[in-house]
$ cat input16.cif   # mmCIF, C-alpha atoms
data_data
loop_
_atom_site.label_atom_id
_atom_site.label_comp_id
_atom_site.auth_asym_id
_atom_site.auth_seq_id
_atom_site.Cartn_x
_atom_site.Cartn_y
_atom_site.Cartn_z
CA MET A 1 -22.93 -32.98 30.80
CA GLU A 2 -25.84 -34.58 29.00
CA VAL A 3 -28.45 -32.59 27.09
CA LEU A 4 -31.14 -33.67 29.54
CA ASP A 5 -29.13 -32.16 32.42
CA ILE A 6 -29.07 -28.81 30.59
CA ILE A 7 -32.81 -28.80 29.82
CA ARG A 8 -34.04 -27.82 33.28
CA PRO A 9 -36.33 -24.91 34.22
CA GLU A 10 -33.57 -23.10 36.15
CA ASN A 11 -31.33 -23.09 33.04
CA GLN A 12 -33.93 -21.64 30.67
CA VAL A 13 -32.74 -18.39 29.04
CA PHE A 14 -35.32 -17.92 26.29
CA CYS A 15 -38.92 -18.93 25.70
CA LYS A 16 -42.06 -17.54 24.12
CA SER A 17 -43.39 -14.37 25.77
CA GLY A 18 -46.28 -14.92 28.15
CA LEU A 19 -48.14 -12.12 26.34
CA MET A 20 -48.52 -14.21 23.21
CA THR A 21 -51.59 -16.46 23.24
CA ASP A 22 -51.46 -20.15 22.48
CA ALA A 23 -53.24 -19.59 19.15
CA THR A 24 -51.22 -20.78 16.15
CA LEU A 25 -50.01 -17.78 14.15
CA SER A 26 -51.89 -17.61 10.85
CA TYR A 27 -48.83 -16.40 8.95
CA CYS A 28 -46.93 -18.35 6.31
CA PRO A 29 -43.78 -20.20 7.46
CA GLY A 30 -40.86 -17.78 7.79
CA CYS A 31 -42.97 -14.59 7.70
CA GLY A 32 -41.52 -11.67 9.64
CA HIS A 33 -44.91 -10.77 11.15
CA GLY A 34 -44.57 -13.48 13.81
CA THR A 35 -41.14 -12.23 14.84
CA VAL A 36 -42.37 -8.63 15.09
CA HIS A 37 -45.41 -9.71 17.16
CA ASN A 38 -43.17 -11.55 19.58
CA LEU A 39 -40.60 -8.75 19.85
CA MET A 40 -43.39 -6.27 20.63
CA MET A 41 -44.87 -8.46 23.34
CA GLU A 42 -41.42 -9.01 24.85
CA VAL A 43 -40.87 -5.22 24.96
CA ILE A 44 -44.29 -4.57 26.55
CA ASP A 45 -43.57 -7.28 29.10
CA GLU A 46 -40.10 -5.87 29.91
CA LEU A 47 -41.44 -2.32 30.30
CA GLY A 48 -44.23 -3.61 32.57
CA ILE A 49 -46.94 -1.71 30.70
CA VAL A 50 -49.26 -4.63 29.93
CA GLU A 51 -52.21 -3.14 31.82
CA ASP A 52 -51.86 0.24 30.12
CA THR A 53 -51.28 -0.78 26.51
CA ILE A 54 -53.95 -0.67 23.82
CA GLY A 55 -53.26 -1.89 20.31
CA VAL A 56 -55.06 -1.27 17.04
CA ALA A 57 -54.97 -4.11 14.50
CA PRO A 58 -55.14 -3.30 10.78
CA VAL A 59 -56.63 -4.96 7.73
CA GLY A 60 -54.31 -7.32 5.93
CA CYS A 61 -52.32 -10.40 6.90
CA SER A 62 -52.08 -9.15 10.48
CA VAL A 63 -55.82 -8.48 10.87
CA LEU A 64 -55.96 -11.25 13.46
CA ALA A 65 -53.16 -9.72 15.56
CA TYR A 66 -55.68 -9.37 18.43
CA ASP A 67 -55.97 -13.17 18.53
CA PHE A 68 -52.23 -13.56 19.05
CA MET A 69 -51.41 -10.66 21.38
CA ASP A 70 -52.83 -11.16 24.85
CA ILE A 71 -53.40 -7.43 25.51
CA ASP A 72 -56.28 -5.00 25.03
CA MET A 73 -56.81 -4.54 21.31
CA THR A 74 -59.29 -3.25 18.80
CA GLN A 75 -59.40 -3.41 15.03
CA ALA A 76 -59.85 -0.54 12.59
CA ALA A 77 -61.29 -0.21 9.10
CA HIS A 78 -58.75 -0.51 6.30
CA GLY A 79 -56.04 2.12 6.77
CA ARG A 80 -57.82 3.94 9.61
CA ALA A 81 -55.77 2.56 12.50
CA PRO A 82 -53.93 5.88 13.19
CA ALA A 83 -57.28 7.70 13.38
CA VAL A 84 -58.68 5.14 15.83
CA ALA A 85 -55.42 5.26 17.82
CA THR A 86 -55.72 9.07 17.95
CA ALA A 87 -59.16 8.77 19.52
CA ILE A 88 -58.01 6.20 22.09
CA SER A 89 -54.89 8.17 22.94
CA ARG A 90 -56.83 11.42 23.42
CA THR A 91 -59.50 9.70 25.53
CA TRP A 92 -56.88 8.03 27.74
CA PRO A 93 -53.75 10.21 27.53
CA ASN A 94 -51.89 8.01 30.02
CA LYS A 95 -52.24 4.81 28.00
CA TYR A 96 -49.69 3.39 25.59
CA VAL A 97 -51.44 3.22 22.24
CA PHE A 98 -49.94 1.52 19.21
CA THR A 99 -51.05 0.60 15.71
CA TYR A 100 -49.72 -2.39 13.84
CA GLN A 101 -49.97 -1.91 10.09
CA GLY A 102 -48.73 -3.36 6.83
CA ASP A 103 -47.74 -1.42 3.73
CA GLY A 104 -51.05 -1.97 1.95
CA ASP A 105 -52.84 -0.55 4.99
CA LEU A 106 -50.50 2.29 6.00
CA ALA A 107 -48.99 3.34 2.66
CA ALA A 108 -51.97 2.85 0.33
CA ILE A 109 -55.54 3.25 1.59
CA GLY A 110 -54.42 4.73 4.92
CA THR A 111 -51.95 7.31 3.60
CA ALA A 112 -54.14 10.27 4.58
CA GLU A 113 -54.79 9.01 8.12
CA THR A 114 -51.12 8.19 8.60
CA ILE A 115 -49.82 11.52 7.36
CA HIS A 116 -52.33 13.54 9.37
CA ALA A 117 -51.78 11.57 12.59
CA CYS A 118 -48.03 12.09 12.11
CA ASN A 119 -48.49 15.77 11.31
CA ARG A 120 -50.58 16.29 14.44
CA GLY A 121 -47.89 14.52 16.45
CA GLU A 122 -50.22 12.20 18.34
CA ASN A 123 -48.59 10.44 21.29
CA ILE A 124 -48.78 6.96 19.73
CA VAL A 125 -46.51 4.27 18.31
CA ILE A 126 -46.93 3.07 14.74
CA ILE A 127 -45.37 -0.28 13.84
CA PHE A 128 -45.19 -0.45 10.05
CA VAL A 129 -44.34 -3.80 8.46
CA ASN A 130 -43.23 -3.22 4.86
CA ASN A 131 -42.89 -6.23 2.56
CA GLY A 132 -43.50 -4.43 -0.73
CA ILE A 133 -46.58 -6.42 -1.68
CA TYR A 134 -50.22 -7.09 -0.77
CA GLY A 135 -49.65 -10.42 0.93
CA MET A 136 -53.11 -11.50 2.08
CA THR A 137 -55.02 -10.83 -1.13
CA GLY A 138 -52.64 -12.74 -3.39
CA GLY A 139 -49.45 -10.77 -3.97
CA GLN A 140 -50.71 -7.71 -5.83
CA MET A 141 -48.55 -4.62 -6.41
CA ALA A 142 -48.43 -2.19 -3.46
CA PRO A 143 -47.21 1.43 -3.45
CA THR A 144 -44.02 0.10 -1.83
CA THR A 145 -43.34 -2.52 -4.54
CA LEU A 146 -39.83 -2.11 -5.99
CA VAL A 147 -39.22 -0.98 -9.58
CA GLY A 148 -39.10 -4.05 -11.83
CA MET A 149 -40.58 -6.33 -9.17
CA HIS A 150 -42.98 -8.96 -10.52
CA THR A 151 -46.32 -9.23 -8.75
CA SER A 152 -49.68 -10.68 -9.78
CA THR A 153 -50.84 -7.23 -11.00
CA SER A 154 -47.48 -6.19 -12.47
CA PRO A 155 -46.49 -9.45 -14.21
CA TYR A 156 -43.88 -7.72 -16.39
CA GLY A 157 -42.39 -5.84 -13.44
CA ARG A 158 -43.27 -2.43 -12.00
CA GLU A 159 -42.66 0.39 -14.49
CA VAL A 160 -42.03 3.91 -13.22
CA GLU A 161 -43.70 5.53 -16.27
CA THR A 162 -47.11 4.02 -15.64
CA MET A 163 -47.02 2.88 -12.00
CA GLY A 164 -44.81 5.40 -10.27
CA SER A 165 -41.87 4.86 -7.94
CA PRO A 166 -41.89 2.96 -4.62
CA LEU A 167 -43.32 5.12 -1.86
CA LYS A 168 -40.88 5.75 0.97
CA MET A 169 -43.33 6.45 3.78
CA SER A 170 -40.77 6.74 6.57
CA GLU A 171 -38.73 9.40 4.77
CA LEU A 172 -41.97 11.17 3.84
CA ILE A 173 -43.34 11.43 7.36
CA ALA A 174 -39.95 12.05 8.97
CA ASN A 175 -40.13 15.47 7.32
CA LEU A 176 -43.33 16.30 9.21
CA PRO A 177 -42.74 18.37 12.36
CA GLY A 178 -45.09 16.16 14.46
CA THR A 179 -42.94 13.03 14.37
CA TYR A 180 -40.37 12.50 17.13
CA TYR A 181 -38.77 9.17 16.25
CA VAL A 182 -38.72 7.44 12.84
CA THR A 183 -36.58 4.38 12.22
CA ARG A 184 -36.33 1.53 9.72
CA GLN A 185 -35.36 -1.94 10.93
CA SER A 186 -35.55 -5.57 9.88
CA VAL A 187 -35.99 -8.89 11.71
CA HIS A 188 -34.54 -11.53 9.36
CA THR A 189 -31.36 -12.22 11.36
CA HIS A 190 -30.63 -12.26 15.10
CA LYS A 191 -28.63 -9.01 14.87
CA HIS A 192 -31.40 -7.18 13.05
CA ALA A 193 -34.09 -8.61 15.35
CA ARG A 194 -32.23 -7.40 18.45
CA LYS A 195 -31.84 -3.91 16.94
CA ALA A 196 -35.52 -3.88 16.00
CA LYS A 197 -36.47 -4.81 19.56
CA LYS A 198 -34.39 -1.90 20.85
CA ALA A 199 -36.13 0.44 18.41
CA ILE A 200 -39.58 -0.77 19.50
CA LYS A 201 -38.57 -0.23 23.13
CA THR A 202 -37.41 3.33 22.36
CA ALA A 203 -40.73 4.01 20.65
CA PHE A 204 -42.78 2.92 23.70
CA GLN A 205 -40.48 4.88 26.01
CA ASN A 206 -41.19 7.98 23.89
CA THR A 207 -44.91 7.45 24.52
CA ARG A 208 -44.20 7.20 28.26
CA LEU A 209 -42.42 10.57 28.15
CA GLY A 210 -45.17 12.11 26.01
CA ASN A 211 -42.72 12.97 23.26
CA GLY A 212 -45.11 12.42 20.38
CA LEU A 213 -45.34 10.06 17.48
CA SER A 214 -42.84 7.25 16.97
CA LEU A 215 -42.84 5.15 13.81
CA VAL A 216 -40.88 1.92 13.52
CA GLU A 217 -40.79 0.55 9.99
CA ILE A 218 -39.82 -3.10 9.73
CA VAL A 219 -38.70 -4.18 6.26
CA SER A 220 -39.94 -7.76 6.07
CA ASN A 221 -40.20 -10.62 3.63
CA CYS A 222 -43.26 -12.11 1.95
CA ASN A 223 -41.94 -15.43 0.76
CA SER A 224 -45.36 -16.61 -0.48
CA GLY A 225 -45.99 -13.41 -2.44
CA TRP A 226 -42.45 -13.25 -3.75
CA LYS A 227 -42.61 -16.98 -4.67
CA MET A 228 -39.44 -17.95 -2.80
CA THR A 229 -38.42 -20.06 0.19
CA PRO A 230 -38.11 -18.08 3.47
CA ASN A 231 -34.29 -18.07 3.39
CA GLU A 232 -34.21 -17.15 -0.33
CA SER A 233 -36.63 -14.30 0.34
CA ASN A 234 -34.43 -13.01 3.18
CA ILE A 235 -31.39 -12.96 0.87
CA TRP A 236 -33.44 -11.28 -1.89
CA MET A 237 -34.61 -8.72 0.65
CA GLU A 238 -31.02 -7.91 1.68
CA GLU A 239 -29.94 -7.55 -1.94
CA ASN A 240 -32.91 -5.59 -3.28
CA MET A 241 -35.19 -4.15 -0.59
CA PHE A 242 -32.42 -2.61 1.53
CA ALA A 243 -31.06 -0.69 -1.48
CA ASN A 244 -34.35 1.16 -1.73
CA TYR A 245 -35.28 1.03 1.96
CA PRO A 246 -31.96 1.55 3.79
CA LEU A 247 -31.98 0.49 7.45
CA GLY A 248 -31.25 2.89 10.27
CA ASP A 249 -32.66 5.80 12.25
CA ILE A 250 -34.24 8.44 10.04
CA LYS A 251 -35.32 10.83 12.78
CA VAL A 252 -34.17 10.76 16.40
CA LYS A 253 -35.46 13.09 19.12
CA GLY A 254 -37.20 15.19 16.49
CA LYS A 255 -34.04 15.72 14.42
CA LEU A 256 -33.53 14.30 10.92
CA ARG A 257 -30.56 12.03 10.26
CA GLN A 258 -28.85 11.02 7.03
CA ILE A 259 -28.93 7.29 6.31
CA GLY A 260 -28.05 4.98 3.44
CA MET B 1 -11.98 -22.94 33.02
CA THR B 2 -15.68 -22.51 32.50
CA LYS B 3 -17.45 -23.68 29.41
CA VAL B 4 -20.90 -22.60 28.27
CA MET B 5 -23.17 -25.41 27.19
CA GLY B 6 -26.57 -24.95 25.67
CA ALA B 7 -29.53 -26.88 24.39
CA ILE B 8 -32.72 -26.09 22.53
CA VAL B 9 -36.15 -27.64 22.75
CA VAL B 10 -38.29 -27.31 19.64
CA GLU B 11 -42.05 -27.47 19.95
CA THR B 12 -42.47 -29.80 17.03
CA GLU B 13 -46.18 -29.08 16.53
CA THR B 14 -45.61 -25.29 16.48
CA CYS B 15 -42.61 -25.38 14.11
CA LYS B 16 -43.55 -24.61 10.51
CA GLY B 17 -40.24 -25.77 9.07
CA CYS B 18 -39.31 -22.37 7.61
CA GLU B 19 -35.58 -23.04 8.23
CA VAL B 20 -34.87 -19.39 9.17
CA CYS B 21 -33.08 -20.66 12.30
CA ILE B 22 -30.50 -22.64 10.30
CA PRO B 23 -28.35 -19.82 8.74
CA VAL B 24 -28.28 -17.81 12.03
CA CYS B 25 -26.89 -20.77 14.04
CA THR B 26 -23.15 -20.07 14.12
CA GLU B 27 -22.37 -23.50 15.58
CA LYS B 28 -24.35 -25.40 12.92
CA VAL B 29 -26.40 -27.19 15.56
CA ILE B 30 -29.81 -27.21 13.91
CA GLY B 31 -31.06 -29.54 11.21
CA MET B 32 -34.45 -30.37 9.74
CA SER B 33 -36.03 -33.69 10.65
CA THR B 34 -36.98 -36.22 8.01
CA GLU B 35 -40.22 -36.80 9.90
CA VAL B 36 -43.13 -34.38 9.69
CA ASN B 37 -45.49 -33.01 12.33
CA ARG B 38 -49.27 -33.23 12.16
CA LYS B 39 -49.41 -30.26 9.76
CA GLY B 40 -46.92 -31.89 7.43
CA TYR B 41 -43.94 -29.65 8.19
CA HIS B 42 -40.38 -30.95 8.62
CA TYR B 43 -39.52 -29.52 12.03
CA ALA B 44 -36.16 -28.26 13.32
CA TYR B 45 -34.15 -30.39 15.75
CA MET B 46 -30.73 -30.42 17.43
CA ARG B 47 -28.64 -32.35 14.93
CA ASN B 48 -25.36 -31.60 16.67
CA PRO B 49 -26.27 -31.22 20.38
CA GLY B 50 -22.73 -30.97 21.80
CA ALA B 51 -21.95 -27.78 19.87
CA CYS B 52 -24.86 -25.63 21.16
CA THR B 53 -23.81 -22.62 23.25
CA GLY B 54 -27.33 -21.41 24.06
CA CYS B 55 -26.78 -18.10 22.25
CA THR B 56 -30.55 -17.70 21.53
CA ASN B 57 -29.94 -16.58 17.92
CA CYS B 58 -32.29 -19.27 16.60
CA ALA B 59 -35.02 -18.46 19.11
CA ILE B 60 -35.09 -14.71 18.44
CA VAL B 61 -35.56 -15.15 14.67
CA CYS B 62 -38.15 -17.93 15.02
CA PRO B 63 -41.42 -16.30 13.88
CA ASP B 64 -43.49 -18.85 15.78
CA ARG B 65 -41.28 -18.90 18.90
CA ALA B 66 -41.15 -22.68 18.69
CA ILE B 67 -37.67 -22.77 20.26
CA ALA B 68 -36.89 -22.62 23.98
CA VAL B 69 -33.21 -22.20 24.89
CA TYR B 70 -31.35 -23.52 27.93
CA ARG B 71 -27.83 -22.55 28.96
CA VAL B 72 -25.52 -23.65 31.73
CA ARG B 73 -21.91 -22.87 32.77
CA VAL B 74 -19.80 -25.87 33.65
CA GLU B 75 -16.28 -26.14 35.07
CA VAL B 76 -13.99 -28.12 32.79
#
$ encode --input "input16.cif" --output "structure tokens"
Amino acid sequence: MEVLDIIRPENQVFCKSGLMTDATLSYCPGCGHGTVHNLMMEVIDELGIVEDTIGVAPVGCSVLAYDFMDIDMTQAAHGRAPAVATAISRTWPNKYVFTYQGDGDLAAIGTAETIHACNRGENIVIIFVNNGIYGMTGGQMAPTTLVGMHTSTSPYGREVETMGSPLKMSELIANLPGTYYVTRQSVHTHKHARKAKKAIKTAFQNTRLGNGLSLVEIVSNCNSGWKMTPNESNIWMEENMFANYPLGDIKVKGKLRQIG
Amino acid sequence: MTKVMGAIVVETETCKGCEVCIPVCTEKVIGMSTEVNRKGYHYAYMRNPGACTGCTNCAIVCPDRAIAVYRVRVEV
């Protein structure tokens, strides 16, 4: 059978989700943000909740998420996405409300909003993309930057004595009674991407059942900020990031789990 | 006996040439073109078309969803 005989509409098994717009993603080549965007839209499409989903875009690389996701979205001030999502969720309790945030947004300037939204147990989904760096502003050190990691504001590597240790937000908020589901995933290989998609689906299903707050952390790469090629950055992430940010479920159905 | 045959179609203008699809392809089907698209990126293409099984591994890791996958079962 020739290739042209295979490439027919009836044989198609995978294509871009219809919920992604035709706009070209503004992310660097190989950035995990695009994969996470697509997985989320595929989940929303599969669950059939397009009409009832409202997203909150953050400040950072993914500030333009509302241009790429063809669903109802708004955009919050830096770090305030969980507070805005709280308001939307309380105004329309039957809607599926999610925030999409990076580590500079959720773990730095938005720490207070995140912790309090999690502590109140709002019925929302938080998608947290952690790449250990401020990507958009030029690769500065973030609270999640690894010890010894070189960034533009820690050129000799992060020192614990003066700059503190990497902030593990997921472990931190998993200890709050308000959170129902906390998990850490990755999207750099097909196996990890499929697991991440499952986790995102679980999170939205929790909203449907009114279970409370679900947080899905995605450990991602920032090949531009880390000064590597996309595949090199994925290998570096496996070797270094996963040691500090182990993948797996941290809290399931309101009960803490041991990972790592 | 049935055999699964697959094929991919890369949107060459959407592909950013990040090469993330190459290590996840177990059949070593994908290569990078020597030509560039309008943005100057070397785009992915089916270098070894006969080996593709349509497993969708490349498509699910593609950040820009530039890859569409086709699969068909044929009697051999």
$ residues_around --input "input16.cif" --residues "Pro230 in chain A" --least-positions-apart "5" --cutoff "10 Å" --atoms "all atoms listed in the file" --output "VMD selection string"
(chain A and resid 28 to 32 188 221 to 224 235 to 236) or (chain B and resid 17 to 20)
$ write_last_selection --input "input16.cif" --atoms "C-alpha atoms" --output "PDB file, keeping the file's coordinate frame"
ATOM      1  CA  CYS A  28     -46.930 -18.350   6.310  1.00  0.00           C
ATOM      2  CA  PRO A  29     -43.780 -20.200   7.460  1.00  0.00           C
ATOM      3  CA  GLY A  30     -40.860 -17.780   7.790  1.00  0.00           C
ATOM      4  CA  CYS A  31     -42.970 -14.590   7.700  1.00  0.00           C
ATOM      5  CA  GLY A  32     -41.520 -11.670   9.640  1.00  0.00           C
ATOM      6  CA  HIS A 188     -34.540 -11.530   9.360  1.00  0.00           C
ATOM      7  CA  ASN A 221     -40.200 -10.620   3.630  1.00  0.00           C
ATOM      8  CA  CYS A 222     -43.260 -12.110   1.950  1.00  0.00           C
ATOM      9  CA  ASN A 223     -41.940 -15.430   0.760  1.00  0.00           C
ATOM     10  CA  SER A 224     -45.360 -16.610  -0.480  1.00  0.00           C
ATOM     11  CA  ILE A 235     -31.390 -12.960   0.870  1.00  0.00           C
ATOM     12  CA  TRP A 236     -33.440 -11.280  -1.890  1.00  0.00           C
TER      13      TRP A 236
ATOM     14  CA  GLY B  17     -40.240 -25.770   9.070  1.00  0.00           C
ATOM     15  CA  CYS B  18     -39.310 -22.370   7.610  1.00  0.00           C
ATOM     16  CA  GLU B  19     -35.580 -23.040   8.230  1.00  0.00           C
ATOM     17  CA  VAL B  20     -34.870 -19.390   9.170  1.00  0.00           C
TER      18      VAL B  20
END
$ residues_near_point --input "input16.cif" --point "(-41.2, 6.7, 24.1)" --cutoff "12 Å" --atoms "all atoms listed in the file" --output "ChimeraX atom specification"
/A:43-44,47,95-98,123-126,179-182,198-216,252-253
$ residues_around --input "input16.cif" --residues "range 23-35 of chain B" --least-positions-apart "3" --cutoff "7 Å" --atoms "only C-alpha atoms" --output "list in words"
Thr189 and His190 of chain A; Val20, His42, Tyr43, Ala44, Tyr45, Met46, Arg47, Asn48, Pro49, Ala51, Cys52, Asn57 and Cys58 of chain B
$ resolve_selection --input "input16.cif" --expression "the PyMOL selection byres ((chain B and resi 9) around 6)" --output "list of chain:residue names"
B:Ile8, B:Val10, B:Ile67, B:Ala68
$ interface_residues --input "input16.cif" --of "chain A" --to "chain B" --cutoff "10 Å" --atoms "only C-alpha atoms" --output "VMD selection string"
chain A and resid 1 to 17 20 22 to 39 187 to 194 229 to 232 234
$ axis_aligned_box --input "input16.cif" --around "range 100-109 of chain A" --padding-each-side "6 Å" --output "JSON"
{"center_x": -51.6, "center_y": 0.0, "center_z": 7.1, "size_x": 19.8, "size_y": 18.7, "size_z": 25.5}
$ atom_distance --input "input16.cif" --atom1 "CA of Ala81 in chain A" --atom2 "CA of Asp67 in chain A"
16.8 Å
$ residues_around --input "input16.cif" --residues "range 53-65 of chain A" --least-positions-apart "5" --cutoff "9 Å" --atoms "all atoms listed in the file" --output "MDAnalysis selection string"
chainID A and resid 25:27 33 37 44 71:82 84:85 88:89 95:102 104:106 134:137
$ decode --input "input16.cif" --residues "range 201-230 of chain A" --atoms "N, CA and C atoms" --output "mmCIF file, in the first residue's frame"
data_model
loop_
_atom_site.group_PDB
_atom_site.id
_atom_site.type_symbol
_atom_site.label_atom_id
_atom_site.label_comp_id
_atom_site.auth_asym_id
_atom_site.auth_seq_id
_atom_site.Cartn_x
_atom_site.Cartn_y
_atom_site.Cartn_z
ATOM 1 N N LYS A 201 -7.535 15.281 32.915
ATOM 2 C CA LYS A 201 -8.922 14.807 32.821
ATOM 3 C C LYS A 201 -9.490 14.549 34.222
ATOM 4 N N THR A 202 -8.703 13.914 35.075
ATOM 5 C CA THR A 202 -9.135 13.659 36.455
ATOM 6 C C THR A 202 -9.452 14.974 37.157
ATOM 7 N N ALA A 203 -8.592 15.975 36.930
ATOM 8 C CA ALA A 203 -8.792 17.270 37.583
ATOM 9 C C ALA A 203 -10.127 17.896 37.182
ATOM 10 N N PHE A 204 -10.449 17.874 35.882
ATOM 11 C CA PHE A 204 -11.724 18.452 35.430
ATOM 12 C C PHE A 204 -12.920 17.623 35.906
ATOM 13 N N GLN A 205 -12.720 16.316 36.006
ATOM 14 C CA GLN A 205 -13.809 15.469 36.525
ATOM 15 C C GLN A 205 -14.069 15.780 37.998
ATOM 16 N N ASN A 206 -13.017 16.138 38.743
ATOM 17 C CA ASN A 206 -13.183 16.524 40.146
ATOM 18 C C ASN A 206 -14.040 17.786 40.256
ATOM 19 N N THR A 207 -13.818 18.726 39.319
ATOM 20 C CA THR A 207 -14.636 19.938 39.310
ATOM 21 C C THR A 207 -16.098 19.579 39.059
ATOM 22 N N ARG A 208 -16.308 18.650 38.118
ATOM 23 C CA ARG A 208 -17.681 18.232 37.787
ATOM 24 C C ARG A 208 -18.387 17.693 39.031
ATOM 25 N N LEU A 209 -17.646 16.928 39.844
ATOM 26 C CA LEU A 209 -18.240 16.320 41.036
ATOM 27 C C LEU A 209 -18.242 17.265 42.235
ATOM 28 N N GLY A 210 -17.674 18.465 42.044
ATOM 29 C CA GLY A 210 -17.646 19.439 43.144
ATOM 30 C C GLY A 210 -16.737 19.025 44.286
ATOM 31 N N ASN A 211 -15.657 18.328 43.947
ATOM 32 C CA ASN A 211 -14.777 17.803 44.988
ATOM 33 C C ASN A 211 -13.838 18.839 45.589
ATOM 34 N N GLY A 212 -13.619 19.932 44.878
ATOM 35 C CA GLY A 212 -12.702 20.937 45.405
ATOM 36 C C GLY A 212 -11.526 21.150 44.482
ATOM 37 N N LEU A 213 -10.465 21.679 45.032
ATOM 38 C CA LEU A 213 -9.361 22.144 44.202
ATOM 39 C C LEU A 213 -8.450 21.016 43.715
ATOM 40 N N SER A 214 -8.169 21.034 42.423
ATOM 41 C CA SER A 214 -7.218 20.086 41.834
ATOM 42 C C SER A 214 -6.063 20.870 41.244
ATOM 43 N N LEU A 215 -4.855 20.462 41.542
ATOM 44 C CA LEU A 215 -3.679 21.121 40.979
ATOM 45 C C LEU A 215 -2.844 20.102 40.207
ATOM 46 N N VAL A 216 -2.594 20.410 38.942
ATOM 47 C CA VAL A 216 -1.740 19.550 38.117
ATOM 48 C C VAL A 216 -0.477 20.337 37.804
ATOM 49 N N GLU A 217 0.638 19.916 38.392
ATOM 50 C CA GLU A 217 1.915 20.554 38.082
ATOM 51 C C GLU A 217 2.555 19.816 36.916
ATOM 52 N N ILE A 218 2.994 20.565 35.916
ATOM 53 C CA ILE A 218 3.687 19.958 34.783
ATOM 54 C C ILE A 218 5.127 20.451 34.836
ATOM 55 N N VAL A 219 6.070 19.550 35.080
ATOM 56 C CA VAL A 219 7.479 19.934 35.025
ATOM 57 C C VAL A 219 7.846 20.019 33.546
ATOM 58 N N SER A 220 8.300 21.193 33.128
ATOM 59 C CA SER A 220 8.526 21.424 31.706
ATOM 60 C C SER A 220 9.933 21.957 31.478
ATOM 61 N N ASN A 221 10.286 22.041 30.205
ATOM 62 C CA ASN A 221 11.614 22.561 29.874
ATOM 63 C C ASN A 221 11.524 24.034 29.501
ATOM 64 N N CYS A 222 12.673 24.714 29.520
ATOM 65 C CA CYS A 222 12.755 26.067 28.966
ATOM 66 C C CYS A 222 14.074 26.099 28.231
ATOM 67 N N ASN A 223 14.055 25.537 27.009
ATOM 68 C CA ASN A 223 15.345 25.369 26.320
ATOM 69 C C ASN A 223 16.034 26.693 26.024
ATOM 70 N N SER A 224 15.261 27.764 25.788
ATOM 71 C CA SER A 224 15.884 29.070 25.536
ATOM 72 C C SER A 224 16.540 29.594 26.801
ATOM 73 N N GLY A 225 15.820 29.489 27.921
ATOM 74 C CA GLY A 225 16.344 29.995 29.196
ATOM 75 C C GLY A 225 17.490 29.157 29.724
ATOM 76 N N TRP A 226 17.399 27.850 29.453
ATOM 77 C CA TRP A 226 18.473 26.967 29.926
ATOM 78 C C TRP A 226 19.640 26.932 28.953
ATOM 79 N N LYS A 227 19.487 27.583 27.781
ATOM 80 C CA LYS A 227 20.539 27.642 26.746
ATOM 81 C C LYS A 227 20.913 26.247 26.234
ATOM 82 N N MET A 228 19.892 25.489 25.828
ATOM 83 C CA MET A 228 20.112 24.145 25.285
ATOM 84 C C MET A 228 19.185 23.936 24.091
ATOM 85 N N THR A 229 19.426 22.857 23.342
ATOM 86 C CA THR A 229 18.462 22.486 22.299
ATOM 87 C C THR A 229 17.271 21.816 23.002
ATOM 88 N N PRO A 230 16.102 21.746 22.352
ATOM 89 C CA PRO A 230 14.937 21.133 23.013
ATOM 90 C C PRO A 230 15.210 19.724 23.533
#
